[in-house]
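K.L.:
Sharing query.csv below, CSV, C-alpha atoms and all ligand atoms:
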chain,number,residue,atom,x,y,z
A,11,MET,CA,-36.4,-96.8,-53.7
A,12,GLN,CA,-35.5,-98.9,-50.7
A,13,LEU,CA,-33.3,-102.0,-51.0
A,14,SER,CA,-33.9,-104.6,-48.2
A,15,ASP,CA,-32.5,-108.1,-47.6
A,16,SER,CA,-34.4,-111.2,-46.5
A,17,LEU,CA,-34.1,-110.1,-42.8
A,18,GLY,CA,-35.5,-106.7,-43.4
A,19,ARG,CA,-32.2,-104.9,-43.2
A,20,ASN,CA,-32.0,-101.8,-45.3
A,21,ILE,CA,-29.1,-102.1,-47.7
A,22,ASN,CA,-28.0,-98.6,-48.8
A,23,TYR,CA,-24.2,-98.8,-48.8
A,24,LEU,CA,-21.7,-100.2,-51.4
A,25,ARG,CA,-18.0,-100.6,-50.8
A,26,LEU,CA,-16.4,-100.5,-54.2
A,27,SER,CA,-12.8,-101.5,-54.6
A,28,VAL,CA,-10.9,-100.0,-57.6
A,29,THR,CA,-7.6,-101.9,-57.2
A,30,ASP,CA,-6.0,-104.6,-55.1
A,31,ARG,CA,-2.6,-102.9,-55.4
A,32,CYS,CA,-1.1,-100.9,-52.7
A,33,ASN,CA,1.9,-98.7,-51.9
A,34,MET,CA,2.0,-100.1,-48.4
A,35,ARG,CA,2.1,-103.7,-47.0
A,36,CYS,CA,0.3,-103.6,-43.7
A,37,PHE,CA,1.1,-106.9,-42.1
A,38,TYR,CA,-2.5,-107.6,-41.0
A,39,CYS,CA,-3.9,-106.9,-44.5
A,40,MET,CA,-1.4,-108.2,-47.0
A,41,PRO,CA,1.2,-111.0,-47.0
A,42,LYS,CA,4.8,-109.8,-46.8
A,43,GLU,CA,5.5,-110.8,-50.4
A,44,GLY,CA,2.5,-108.8,-51.6
A,45,ILE,CA,-0.3,-110.5,-53.6
A,46,VAL,CA,-0.1,-112.1,-57.0
A,47,LYS,CA,-0.6,-109.3,-59.6
A,48,LYS,CA,-3.9,-109.6,-61.4
A,49,LYS,CA,-3.8,-109.7,-65.2
A,50,HIS,CA,-4.7,-106.3,-66.6
A,51,GLU,CA,-7.9,-107.6,-68.2
A,52,ALA,CA,-9.1,-109.2,-64.9
A,53,VAL,CA,-9.3,-105.7,-63.3
A,54,LEU,CA,-12.6,-103.9,-64.1
A,55,SER,CA,-12.3,-100.8,-66.3
A,56,TYR,CA,-13.7,-97.5,-64.9
A,57,GLU,CA,-16.6,-97.9,-67.3
A,58,GLU,CA,-17.4,-101.3,-65.8
A,59,LEU,CA,-17.1,-100.0,-62.2
A,60,GLN,CA,-19.3,-97.1,-63.1
A,61,LEU,CA,-22.0,-99.4,-64.5
A,62,ILE,CA,-21.9,-101.4,-61.2
A,63,ALA,CA,-22.3,-98.2,-59.3
A,64,GLU,CA,-25.2,-97.0,-61.5
A,65,ALA,CA,-26.9,-100.4,-61.2
A,66,ALA,CA,-26.6,-100.3,-57.4
A,67,VAL,CA,-27.8,-96.7,-57.0
A,68,GLY,CA,-30.7,-97.6,-59.3
A,69,LEU,CA,-31.7,-100.3,-56.8
A,70,GLY,CA,-31.5,-98.1,-53.7
A,71,ILE,CA,-27.8,-97.8,-52.8
A,72,GLU,CA,-27.3,-94.2,-51.5
A,73,LYS,CA,-23.7,-94.3,-50.3
A,74,ILE,CA,-20.6,-95.5,-52.1
A,75,ARG,CA,-17.2,-95.8,-50.5
A,76,ILE,CA,-14.2,-96.2,-52.8
A,77,THR,CA,-11.6,-98.5,-51.4
A,78,GLY,CA,-8.9,-100.9,-52.4
A,79,GLY,CA,-5.9,-101.8,-52.1
A,80,GLU,CA,-5.0,-98.2,-52.1
A,81,PRO,CA,-7.5,-96.4,-54.4
A,82,LEU,CA,-5.2,-93.4,-55.0
A,83,VAL,CA,-2.5,-95.5,-56.7
A,84,ARG,CA,-4.8,-96.3,-59.7
A,85,ALA,CA,-4.2,-93.9,-62.6
A,86,GLY,CA,-7.3,-91.9,-63.6
A,87,ILE,CA,-9.0,-92.2,-60.2
A,88,VAL,CA,-9.9,-88.5,-60.0
A,89,GLY,CA,-11.8,-88.5,-63.3
A,90,PHE,CA,-13.6,-91.6,-62.2
A,91,LEU,CA,-14.7,-90.1,-58.9
A,92,GLU,CA,-15.9,-87.0,-60.7
A,93,ARG,CA,-18.1,-89.2,-62.9
A,94,LEU,CA,-19.4,-91.2,-59.9
A,95,ALA,CA,-20.2,-88.1,-58.0
A,96,ARG,CA,-22.6,-87.1,-60.8
A,97,ILE,CA,-24.7,-90.3,-60.6
A,98,PRO,CA,-28.3,-89.2,-59.9
A,99,GLY,CA,-29.5,-90.6,-56.6
A,100,LEU,CA,-26.1,-91.1,-55.1
A,101,ARG,CA,-26.2,-89.1,-51.9
A,102,HIS,CA,-22.8,-89.8,-50.4
A,103,LEU,CA,-19.5,-90.5,-52.0
A,104,ALA,CA,-16.6,-91.3,-49.6
A,105,LEU,CA,-13.1,-92.7,-50.0
A,106,THR,CA,-10.8,-94.7,-47.7
A,107,THR,CA,-7.1,-94.2,-48.1
A,108,ASN,CA,-3.8,-94.9,-46.4
A,109,GLY,CA,-3.1,-91.2,-46.9
A,110,LEU,CA,0.4,-91.6,-48.5
A,111,LEU,CA,-0.6,-89.7,-51.6
A,112,LEU,CA,-3.2,-87.4,-50.0
A,113,ALA,CA,-1.1,-84.3,-49.6
A,114,ASP,CA,-0.8,-84.1,-53.4
A,115,MET,CA,-4.3,-85.2,-54.3
A,116,ALA,CA,-6.6,-83.8,-51.6
A,117,ALA,CA,-7.6,-80.7,-53.6
A,118,ASP,CA,-8.4,-82.7,-56.7
A,119,LEU,CA,-10.4,-85.2,-54.7
A,120,TYR,CA,-12.4,-82.4,-53.2
A,121,ARG,CA,-13.0,-80.8,-56.6
A,122,ALA,CA,-14.1,-84.2,-58.0
A,123,GLY,CA,-17.0,-84.3,-55.5
A,124,VAL,CA,-15.8,-86.8,-52.8
A,125,GLN,CA,-17.6,-85.8,-49.7
A,126,ARG,CA,-15.7,-87.6,-46.9
A,127,LEU,CA,-12.3,-89.2,-46.4
A,128,ASN,CA,-11.3,-92.0,-44.0
A,129,VAL,CA,-7.6,-92.2,-43.4
A,130,SER,CA,-6.0,-95.3,-42.0
A,131,LEU,CA,-3.3,-94.5,-39.4
A,132,ASP,CA,-2.2,-97.2,-36.9
A,133,SER,CA,0.6,-95.4,-35.0
A,134,LEU,CA,1.8,-92.0,-34.2
A,135,ASP,CA,5.3,-93.3,-33.7
A,136,PRO,CA,7.3,-93.3,-37.0
A,137,LYS,CA,9.1,-96.6,-36.2
A,138,ILE,CA,6.0,-98.5,-35.2
A,139,PHE,CA,4.1,-97.0,-38.1
A,140,SER,CA,6.9,-98.2,-40.5
A,141,ASP,CA,6.9,-101.6,-38.9
A,142,ILE,CA,3.1,-102.1,-39.2
A,143,THR,CA,3.0,-100.9,-42.8
A,144,ARG,CA,6.3,-102.5,-43.7
A,145,GLY,CA,8.0,-99.2,-44.7
A,146,GLY,CA,5.3,-96.5,-44.7
A,147,ASP,CA,6.3,-92.9,-43.9
A,148,LEU,CA,4.2,-91.5,-41.1
A,149,LYS,CA,4.9,-87.8,-41.9
A,150,ARG,CA,3.4,-88.1,-45.4
A,151,VAL,CA,0.1,-89.4,-43.9
A,152,LEU,CA,0.0,-86.6,-41.3
A,153,ASP,CA,0.7,-84.1,-44.1
A,154,GLY,CA,-2.1,-85.7,-46.0
A,155,LEU,CA,-4.5,-85.3,-43.1
A,156,ASP,CA,-3.7,-81.5,-42.9
A,157,ALA,CA,-4.0,-81.2,-46.7
A,158,ALA,CA,-7.4,-82.7,-46.7
A,159,GLU,CA,-8.8,-80.1,-44.3
A,160,ARG,CA,-7.0,-77.3,-46.2
A,161,ALA,CA,-8.7,-78.6,-49.4
A,162,GLY,CA,-12.1,-78.1,-47.8
A,163,PHE,CA,-12.9,-81.7,-46.5
A,164,PRO,CA,-14.5,-82.1,-43.1
A,165,PRO,CA,-11.8,-83.5,-40.8
A,166,PRO,CA,-11.1,-87.0,-42.0
A,167,LYS,CA,-12.1,-90.0,-39.9
A,168,VAL,CA,-9.0,-91.7,-38.7
A,169,ASN,CA,-9.1,-95.6,-38.7
A,170,VAL,CA,-6.8,-97.2,-36.2
A,171,VAL,CA,-6.6,-101.0,-36.1
A,172,ILE,CA,-5.5,-101.7,-32.5
A,173,MET,CA,-3.4,-104.8,-31.9
A,174,ARG,CA,-2.2,-106.0,-28.5
A,175,GLY,CA,1.6,-105.7,-28.2
A,176,VAL,CA,1.9,-103.7,-31.4
A,177,ASN,CA,0.2,-100.4,-30.9
A,178,ASP,CA,-2.2,-100.7,-28.0
A,179,ALA,CA,0.2,-98.6,-25.9
A,180,GLU,CA,-0.9,-95.7,-28.1
A,181,ILE,CA,-4.7,-95.9,-27.3
A,182,LEU,CA,-4.5,-92.8,-25.0
A,183,ASP,CA,-2.3,-90.9,-27.4
A,184,PHE,CA,-4.9,-91.3,-30.1
A,185,ALA,CA,-7.7,-90.5,-27.8
A,186,GLU,CA,-5.9,-87.3,-26.7
A,187,MET,CA,-5.5,-86.3,-30.3
A,188,THR,CA,-9.2,-85.5,-30.2
A,189,LEU,CA,-8.8,-82.9,-27.5
A,190,ALA,CA,-7.3,-80.4,-30.0
A,191,LYS,CA,-8.2,-81.9,-33.4
A,192,ARG,CA,-11.7,-82.2,-34.9
A,193,ASN,CA,-11.1,-85.7,-36.3
A,194,SER,CA,-13.0,-88.7,-35.3
A,195,ILE,CA,-10.6,-91.4,-34.2
A,196,ARG,CA,-12.1,-94.8,-34.8
A,197,PHE,CA,-10.5,-97.8,-33.0
A,198,ILE,CA,-11.1,-100.9,-35.1
A,199,GLU,CA,-10.7,-104.4,-33.7
A,200,TYR,CA,-8.1,-106.5,-35.5
A,201,MET,CA,-9.9,-109.0,-37.8
A,202,PRO,CA,-8.2,-112.3,-38.6
A,203,ALA,CA,-8.4,-112.2,-42.4
A,204,ILE,CA,-4.9,-113.7,-43.0
A,205,LYS,CA,-4.4,-116.9,-41.0
A,206,GLU,CA,-1.1,-115.9,-39.5
A,207,GLU,CA,0.3,-118.2,-36.8
A,208,GLY,CA,-0.8,-117.0,-33.4
A,209,TRP,CA,-3.1,-114.3,-34.6
A,210,GLN,CA,-5.1,-114.4,-31.4
A,211,ARG,CA,-2.4,-112.5,-29.6
A,212,TYR,CA,-3.3,-109.3,-31.4
A,213,CYS,CA,-7.0,-109.4,-30.3
A,214,ILE,CA,-8.1,-106.7,-28.0
A,215,SER,CA,-11.8,-106.0,-27.6
A,216,GLY,CA,-13.5,-102.6,-28.2
A,217,ASN,CA,-14.7,-102.7,-24.6
A,218,GLU,CA,-11.1,-103.0,-23.3
A,219,ILE,CA,-10.0,-100.1,-25.6
A,220,LEU,CA,-12.9,-98.0,-24.3
A,221,GLN,CA,-12.2,-98.9,-20.7
A,222,ARG,CA,-8.5,-97.9,-21.0
A,223,ILE,CA,-9.7,-94.5,-22.2
A,224,ALA,CA,-12.4,-94.3,-19.5
A,225,ASP,CA,-9.9,-95.0,-16.8
A,226,ARG,CA,-8.4,-91.6,-17.6
A,227,TYR,CA,-11.2,-89.5,-19.1
A,228,THR,CA,-14.9,-89.1,-18.8
A,229,LEU,CA,-16.6,-90.2,-22.1
A,230,GLU,CA,-20.0,-89.1,-23.2
A,231,GLN,CA,-22.0,-90.8,-25.9
A,232,VAL,CA,-22.3,-89.0,-29.3
A,233,ASP,CA,-25.3,-89.4,-31.6
A,234,LYS,CA,-24.4,-90.6,-35.1
A,235,GLY,CA,-25.7,-89.5,-38.4
A,236,LYS,CA,-27.5,-91.6,-41.1
A,237,TYR,CA,-24.3,-92.7,-42.9
A,238,ALA,CA,-22.1,-93.0,-39.8
A,239,GLY,CA,-21.7,-96.8,-40.0
A,240,PRO,CA,-21.2,-99.3,-37.3
A,241,SER,CA,-19.0,-97.3,-34.8
A,242,ARG,CA,-20.2,-96.5,-31.3
A,243,ASP,CA,-19.1,-92.9,-30.8
A,244,PHE,CA,-18.0,-91.0,-27.7
A,245,ARG,CA,-16.4,-87.7,-26.8
A,246,ILE,CA,-14.2,-86.5,-24.0
A,247,PRO,CA,-16.1,-83.5,-22.6
A,248,GLY,CA,-14.8,-80.3,-24.2
A,249,ALA,CA,-12.8,-82.2,-26.9
A,250,LYS,CA,-12.9,-81.0,-30.5
A,251,GLY,CA,-13.0,-84.5,-32.0
A,252,SER,CA,-14.7,-87.8,-31.2
A,253,ILE,CA,-13.7,-91.4,-30.5
A,254,GLY,CA,-15.4,-94.4,-32.1
A,255,ILE,CA,-15.2,-98.1,-31.4
A,256,ILE,CA,-15.8,-100.6,-34.2
A,257,THR,CA,-16.3,-104.0,-32.6
A,258,ALA,CA,-16.4,-106.2,-35.7
A,259,VAL,CA,-15.1,-109.2,-33.9
A,260,SER,CA,-16.2,-109.1,-30.2
A,261,GLY,CA,-19.6,-107.5,-30.6
A,262,HIS,CA,-20.7,-108.0,-34.2
A,263,PHE,CA,-23.1,-105.5,-35.6
A,264,CYS,CA,-24.5,-107.8,-38.3
A,265,ASN,CA,-28.1,-107.0,-37.3
A,266,GLU,CA,-27.4,-103.4,-38.4
A,267,CYS,CA,-25.4,-104.4,-41.5
A,268,ASN,CA,-26.3,-102.1,-44.5
A,269,ARG,CA,-23.7,-103.0,-47.0
A,270,ILE,CA,-22.5,-105.1,-49.9
A,271,ARG,CA,-19.0,-105.1,-51.4
A,272,VAL,CA,-17.6,-105.4,-54.9
A,273,THR,CA,-13.9,-106.1,-55.6
A,274,SER,CA,-11.8,-104.6,-58.4
A,275,THR,CA,-12.2,-107.8,-60.4
A,276,GLY,CA,-16.0,-107.7,-60.1
A,277,GLN,CA,-16.6,-110.2,-57.3
A,278,ALA,CA,-19.6,-109.2,-55.2
A,279,LYS,CA,-19.8,-110.2,-51.6
A,280,GLY,CA,-22.8,-109.9,-49.2
A,281,CYS,CA,-20.6,-110.4,-46.2
A,282,LEU,CA,-16.9,-109.6,-45.7
A,283,PHE,CA,-16.3,-112.9,-43.9
A,284,SER,CA,-18.3,-115.2,-46.1
A,285,ASP,CA,-16.5,-117.3,-48.7
A,286,GLN,CA,-19.5,-116.8,-51.0
A,287,LYS,CA,-18.9,-114.4,-53.8
A,288,THR,CA,-20.7,-113.8,-57.1
A,289,ASP,CA,-18.9,-112.9,-60.3
A,290,LEU,CA,-20.4,-109.9,-62.0
A,291,VAL,CA,-18.2,-110.0,-65.0
A,292,PRO,CA,-20.7,-111.9,-67.2
A,293,PHE,CA,-23.1,-109.0,-66.8
A,294,LEU,CA,-20.4,-106.4,-67.7
A,295,ARG,CA,-18.9,-108.0,-70.7
A,296,PRO,CA,-21.0,-107.2,-72.6
A,297,PRO,CA,-22.9,-104.8,-70.3
A,298,ASP,CA,-26.4,-106.0,-69.3
A,299,LEU,CA,-27.9,-103.6,-66.7
A,300,GLU,CA,-31.0,-105.7,-66.2
A,301,GLN,CA,-29.1,-108.9,-65.3
A,302,LEU,CA,-26.6,-106.9,-63.2
A,303,GLN,CA,-29.4,-105.5,-61.1
A,304,LYS,CA,-31.1,-108.8,-60.8
A,305,THR,CA,-27.8,-110.4,-59.6
A,306,LEU,CA,-27.1,-107.5,-57.1
A,307,ARG,CA,-30.6,-108.0,-55.8
A,308,GLU,CA,-30.0,-111.7,-55.3
A,309,ILE,CA,-26.7,-111.0,-53.4
A,310,VAL,CA,-28.6,-108.7,-51.1
A,311,MET,CA,-31.4,-111.2,-50.6
A,312,THR,CA,-28.9,-114.0,-49.7
A,313,LYS,CA,-26.8,-111.9,-47.3
A,314,PRO,CA,-26.0,-114.1,-44.3
A,315,GLU,CA,-27.5,-113.3,-41.0
A,316,ARG,CA,-24.1,-112.8,-39.4
A,317,HIS,CA,-20.4,-113.6,-39.8
A,318,GLY,CA,-18.8,-116.4,-37.8
A,319,ILE,CA,-15.5,-114.8,-36.7
A,320,SER,CA,-14.5,-114.4,-33.1
A,321,CYS,CA,-11.2,-114.4,-31.3
A,322,ASP,CA,-11.6,-118.1,-30.6
A,323,GLY,CA,-11.7,-119.1,-34.2
A,324,TYR,CA,-13.4,-118.8,-37.5
A,325,ALA,CA,-14.3,-120.8,-40.6
A,326,HIS,CA,-13.6,-118.5,-43.5
A,327,GLN,CA,-10.8,-119.1,-46.0
A,328,ASN,CA,-7.7,-117.0,-45.7
A,329,PHE,CA,-7.9,-113.8,-47.7
A,330,ALA,CA,-6.0,-110.5,-48.0
A,331,MET,CA,-8.2,-107.7,-46.9
A,332,SER,CA,-6.6,-105.5,-49.6
A,333,GLN,CA,-8.3,-107.7,-52.2
A,334,VAL,CA,-11.8,-107.1,-50.8
A,335,GLY,CA,-11.5,-103.5,-49.5
A,336,GLY,CA,-12.0,-103.9,-45.8
B,401,LIG,N1,-5.6,-98.8,-48.5
B,401,LIG,C1,-6.7,-98.1,-47.9
B,401,LIG,C2,-6.5,-97.9,-46.4
B,401,LIG,O1,-5.6,-98.6,-45.8
B,401,LIG,O2,-7.3,-97.2,-45.8
B,401,LIG,C3,-8.0,-98.8,-48.1
B,401,LIG,C4,-8.1,-100.2,-48.1
B,401,LIG,S1,-7.9,-101.0,-46.5
B,401,LIG,C5,-8.1,-102.7,-46.9
B,401,LIG,C6,-9.4,-100.5,-45.7
B,401,LIG,C7,-9.4,-100.7,-44.2
B,401,LIG,O3,-9.3,-102.0,-43.8
B,401,LIG,C8,-8.3,-99.9,-43.5
B,401,LIG,O4,-8.8,-99.0,-42.6
B,401,LIG,C9,-7.5,-101.0,-42.8
B,401,LIG,O5,-6.9,-100.6,-41.6
B,401,LIG,C10,-8.6,-102.1,-42.6
B,401,LIG,N2,-8.1,-103.4,-42.4
B,401,LIG,C11,-7.3,-104.1,-43.3
B,401,LIG,N3,-7.0,-105.3,-42.7
B,401,LIG,C12,-7.6,-105.4,-41.5
B,401,LIG,C13,-7.7,-106.3,-40.5
B,401,LIG,N4,-7.1,-107.5,-40.6
B,401,LIG,N5,-8.4,-106.0,-39.4
B,401,LIG,C14,-9.0,-104.9,-39.3
B,401,LIG,N6,-9.0,-103.9,-40.2
B,401,LIG,C15,-8.3,-104.2,-41.3
B,402,LIG,FE1,-2.6,-101.2,-48.2
B,402,LIG,FE2,-4.7,-100.3,-46.8
B,402,LIG,FE3,-4.1,-102.9,-46.8
B,402,LIG,FE4,-2.5,-101.2,-45.6
B,402,LIG,S1,-4.6,-101.6,-45.0
B,402,LIG,S2,-1.8,-102.9,-47.0
B,402,LIG,S3,-2.6,-99.5,-46.9
B,402,LIG,S4,-4.7,-101.8,-48.5
For the file at hand, write its structure as structure tokens.

P.N.:
Amino acid sequence: MQLSDSLGRNINYLRLSVTDRCNMRCFYCMPKEGIVKKKHEAVLSYEELQLIAEAAVGLGIEKIRITGGEPLVRAGIVGFLERLARIPGLRHLALTTNGLLLADMAADLYRAGVQRLNVSLDSLDPKIFSDITRGGDLKRVLDGLDAAERAGFPPPKVNVVIMRGVNDAEILDFAEMTLAKRNSIRFIEYMPAIKEEGWQRYCISGNEILQRIADRYTLEQVDKGKYAGPSRDFRIPGAKGSIGIITAVSGHFCNECNRIRVTSTGQAKGCLFSDQKTDLVPFLRPPDLEQLQKTLREIVMTKPERHGISCDGYAHQNFAMSQVGG
């Protein structure tokens, strides 16, 4: 079955957040003081999250990415993933993590049936990494990346949010990582989710990032696979890995958007930067698969044509990305 929105876009991808808690505090994602803890009963149970996943797959969703907050901090996550991986019709199960717990959990995640990992890593310098994440330990993330490959995963995609004056001096270091390593390094434009004073100073466009690499290296375009997502991918000739640019702000790719999102409290969103969300809880407590599917279909049908953010301004309400899942 194919799920399409009112503009004819094929919607085959669900980003499902399992928690808004995190063991890091990246400054661009979460306020310093963290976020107000949700009451236990506000967070969906694994049974409820699974029902959403089954409903979505029944409608035509083929790929689910588990995200958060940090998904690996939620107790019981491995068993949940194992059950998700068995949903008939689900073709691709992926997970995005900050990597802090990956060294210990990679083998279990692989056994559970997760097919791909994305690991967020914004600096190769321990001090800058710790500053961005407000205390994160770079070595643990690098160990996690190695452990993922030892466990049998394809080399994880590495997500790097580039911010001017923070980590943009490392663009070439990350690009050069691909010479010897098979990972795909994906440079993500900083998105103004939290309205921090002077946020514009961090903005750096994907084209500038690409140009800085192209000033040193030849880049050849790489074809992408069906579930590859919105990045434009390149390779330095002879390199083992690839380089991707995700221009969510400067060159929006809304015309190719294929996704919906559901938060850990059951709020469904058709667009990351829309203030519109739909509460799925009434269709989970008690469970009502028919109404759940009807509502998910409506969310797909009312997906906005495009988001309104740019580096000049934006209209959405302030939100912590950790609550929506990125
Ligand atoms: N904790 C996991 C992690 O960090 O990978 C998963 C959740 S995190 C919200 C998902 C992705 O959103 C990460 O790659 C993160 O870098 C990205 N992200 C968060 N806030 C962002 C922002 N303001 N601009 C761009 N990317 C952001
Ligand atoms: Fe946590 Fe990921 Fe947000 Fe960083 S980006 S605070 S690791 S949820």

K.L.:
Neighbours of ligand LIG 401 (chain B) at 6 Å or closer, counting only C-alpha atoms and all ligand atoms: which residues, as a list in words?

P.N.:
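The residues near ligand LIG 401 (chain B) are Tyr38, Cys39, Thr77, Gly78, Gly79, Glu80, Thr106, Thr107, Asn108, Val129, Ser130, Asn169, Val171, Glu199, Tyr200, Met201, Pro202, Ala203, Met331, Ser332, Gly335 and Gly336 of chain A.
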
K.L.:
Excluding Val46 (chain A) and residues on its chain fewer than 5 positions from it, collect all residues at most 12 Å away from it, counting all atoms listed in the file, and give them as a PyMOL selection string.

P.N.:
chain A and resi 30-31+40-41+330+332-333

K.L.:
With C-alpha atoms kept, could you save the residues just selected as a PDB file, in the coordinates of the input?

P.N.:
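Now in out_31.pdb:
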ATOM      1  CA  ASP A  30      -6.000-104.600 -55.100  1.00  0.00           C
ATOM      2  CA  ARG A  31      -2.600-102.900 -55.400  1.00  0.00           C
ATOM      3  CA  MET A  40      -1.400-108.200 -47.000  1.00  0.00           C
ATOM      4  CA  PRO A  41       1.200-111.000 -47.000  1.00  0.00           C
ATOM      5  CA  ALA A 330      -6.000-110.500 -48.000  1.00  0.00           C
ATOM      6  CA  SER A 332      -6.600-105.500 -49.600  1.00  0.00           C
ATOM      7  CA  GLN A 333      -8.300-107.700 -52.200  1.00  0.00           C
TER       8      GLN A 333
END

K.L.:
Rank A:Ser320, A:Asn20, A:Ser284, A:Thr275 by their smallest atom-to-atom distance to Ile62 (chain A), using all atoms listed in the file, and report the top residue only.

P.N.:
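Among the listed residues, the smallest separation from Ile62 (chain A) belongs to A:Thr275.
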
K.L.:
Within 6 Å of region 265-269 of chain A, counting all atoms listed in the file, which residues qualify if same-chain residues fewer than 5 places away don't, as a PyMOL selection string?

P.N.:
chain A and resi 20-24

K.L.:
Which value, in Å to one decimal, gives the distance between CA of Glu300 (chain A) and CA of Ser274 (chain A)?

P.N.:
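Distance reported for this atom pair: 20.8 Å.
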
K.L.:
Grab the CA of Ala113 (chain A) to CA of Gly146 (chain A) distance for me, in Å with one decimal place.

P.N.:
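Taking CA of Ala113 (chain A) and CA of Gly146 (chain A), their separation equals 14.6 Å.
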
K.L.:
So which residues touch Arg307 (chain A) within 10 Å, counting only C-alpha atoms, skipping near sequence neighbours fewer than 6 positions away, as a PyMOL selection string?

P.N.:
chain A and resi 13-15+66+69+301

K.L.:
Can you tell me, as a list in words, what residues are no more than 12 Å from Gly99 (chain A) when counting only C-alpha atoms, ignoring any on the same chain fewer than 6 positions away?

P.N.:
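Neighbouring residues, sequence-local ones excluded: Met11, Gln12, Asn22, Ala63, Glu64, Ala65, Ala66, Val67, Gly68, Leu69, Gly70, Ile71, Glu72, Lys73 and Ile74 of chain A.
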
K.L.:
With distances taken over all atoms listed in the file, which residue among A:Ala85, A:Arg35, A:Pro296, A:Leu54 lies nearest Ile142 (chain A)?

P.N.:
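Among the listed residues, the smallest separation from Ile142 (chain A) belongs to A:Arg35.
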
K.L.:
Have a look at CA of Leu134 (chain A) and CA of Gly216 (chain A) and let me know their distance in Å, one decimal.

P.N.:
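Distance reported for this atom pair: 19.6 Å.
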
K.L.:
Env of Leu294 (chain A): 10 Å cut, atoms = all atoms listed in the file, seq-sep filter 4 positions within chain, self excluded. Answer as a JSON list (two decimals) with C-alpha atoms, keeping the file's coordinate frame.

P.N.:
[["chain", "number", "residue", "atom", "x", "y", "z"],
["A", 54, "LEU", "CA", -12.60, -103.90, -64.10],
["A", 55, "SER", "CA", -12.30, -100.80, -66.30],
["A", 57, "GLU", "CA", -16.60, -97.90, -67.30],
["A", 58, "GLU", "CA", -17.40, -101.30, -65.80],
["A", 59, "LEU", "CA", -17.10, -100.00, -62.20],
["A", 61, "LEU", "CA", -22.00, -99.40, -64.50],
["A", 62, "ILE", "CA", -21.90, -101.40, -61.20],
["A", 276, "GLY", "CA", -16.00, -107.70, -60.10],
["A", 289, "ASP", "CA", -18.90, -112.90, -60.30],
["A", 290, "LEU", "CA", -20.40, -109.90, -62.00],
["A", 298, "ASP", "CA", -26.40, -106.00, -69.30],
["A", 299, "LEU", "CA", -27.90, -103.60, -66.70],
["A", 301, "GLN", "CA", -29.10, -108.90, -65.30],
["A", 302, "LEU", "CA", -26.60, -106.90, -63.20]]

K.L.:
From the options A:Thr288, A:Arg245, A:Arg226, A:Cys32, which residue's atoms come nearest to Arg271 (chain A), counting all atoms listed in the file?

P.N.:
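Once distances to Arg271 (chain A) are computed over all atoms listed in the file, the minimum belongs to A:Thr288.
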
K.L.:
Between A:Glu159, A:Asp147, A:Asp132, A:Glu51, which residue has the minimum interatomic distance to Ala179 (chain A), considering all atoms listed in the file?

P.N.:
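The closest residue to Ala179 (chain A) is A:Asp132.
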
K.L.:
For Ile219 (chain A), which residue among A:Ala190, A:Leu26, A:Ile198, A:Met34 is the nearest when counting only C-alpha atoms?

P.N.:
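Closest residue, counting only C-alpha atoms: A:Ile198.
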
K.L.:
Taking all atoms listed in the file into account, name the residue in A:Gly248, A:Gly280, A:Gly208, A:Pro297 that is nearest to Ile309 (chain A).

P.N.:
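Counting all atoms listed in the file, the residue closest to Ile309 (chain A) is A:Gly280.
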
K.L.:
Given the point (3.5, -89.2, -55.2) in the file's coordinates, find the residues that have an atom at most 10 Å from it, counting all atoms listed in the file, and give them as a list of chain:residue names.

P.N.:
A:Leu82, A:Val83, A:Leu110, A:Leu111, A:Leu112, A:Ala113, A:Asp114, A:Met115, A:Arg150
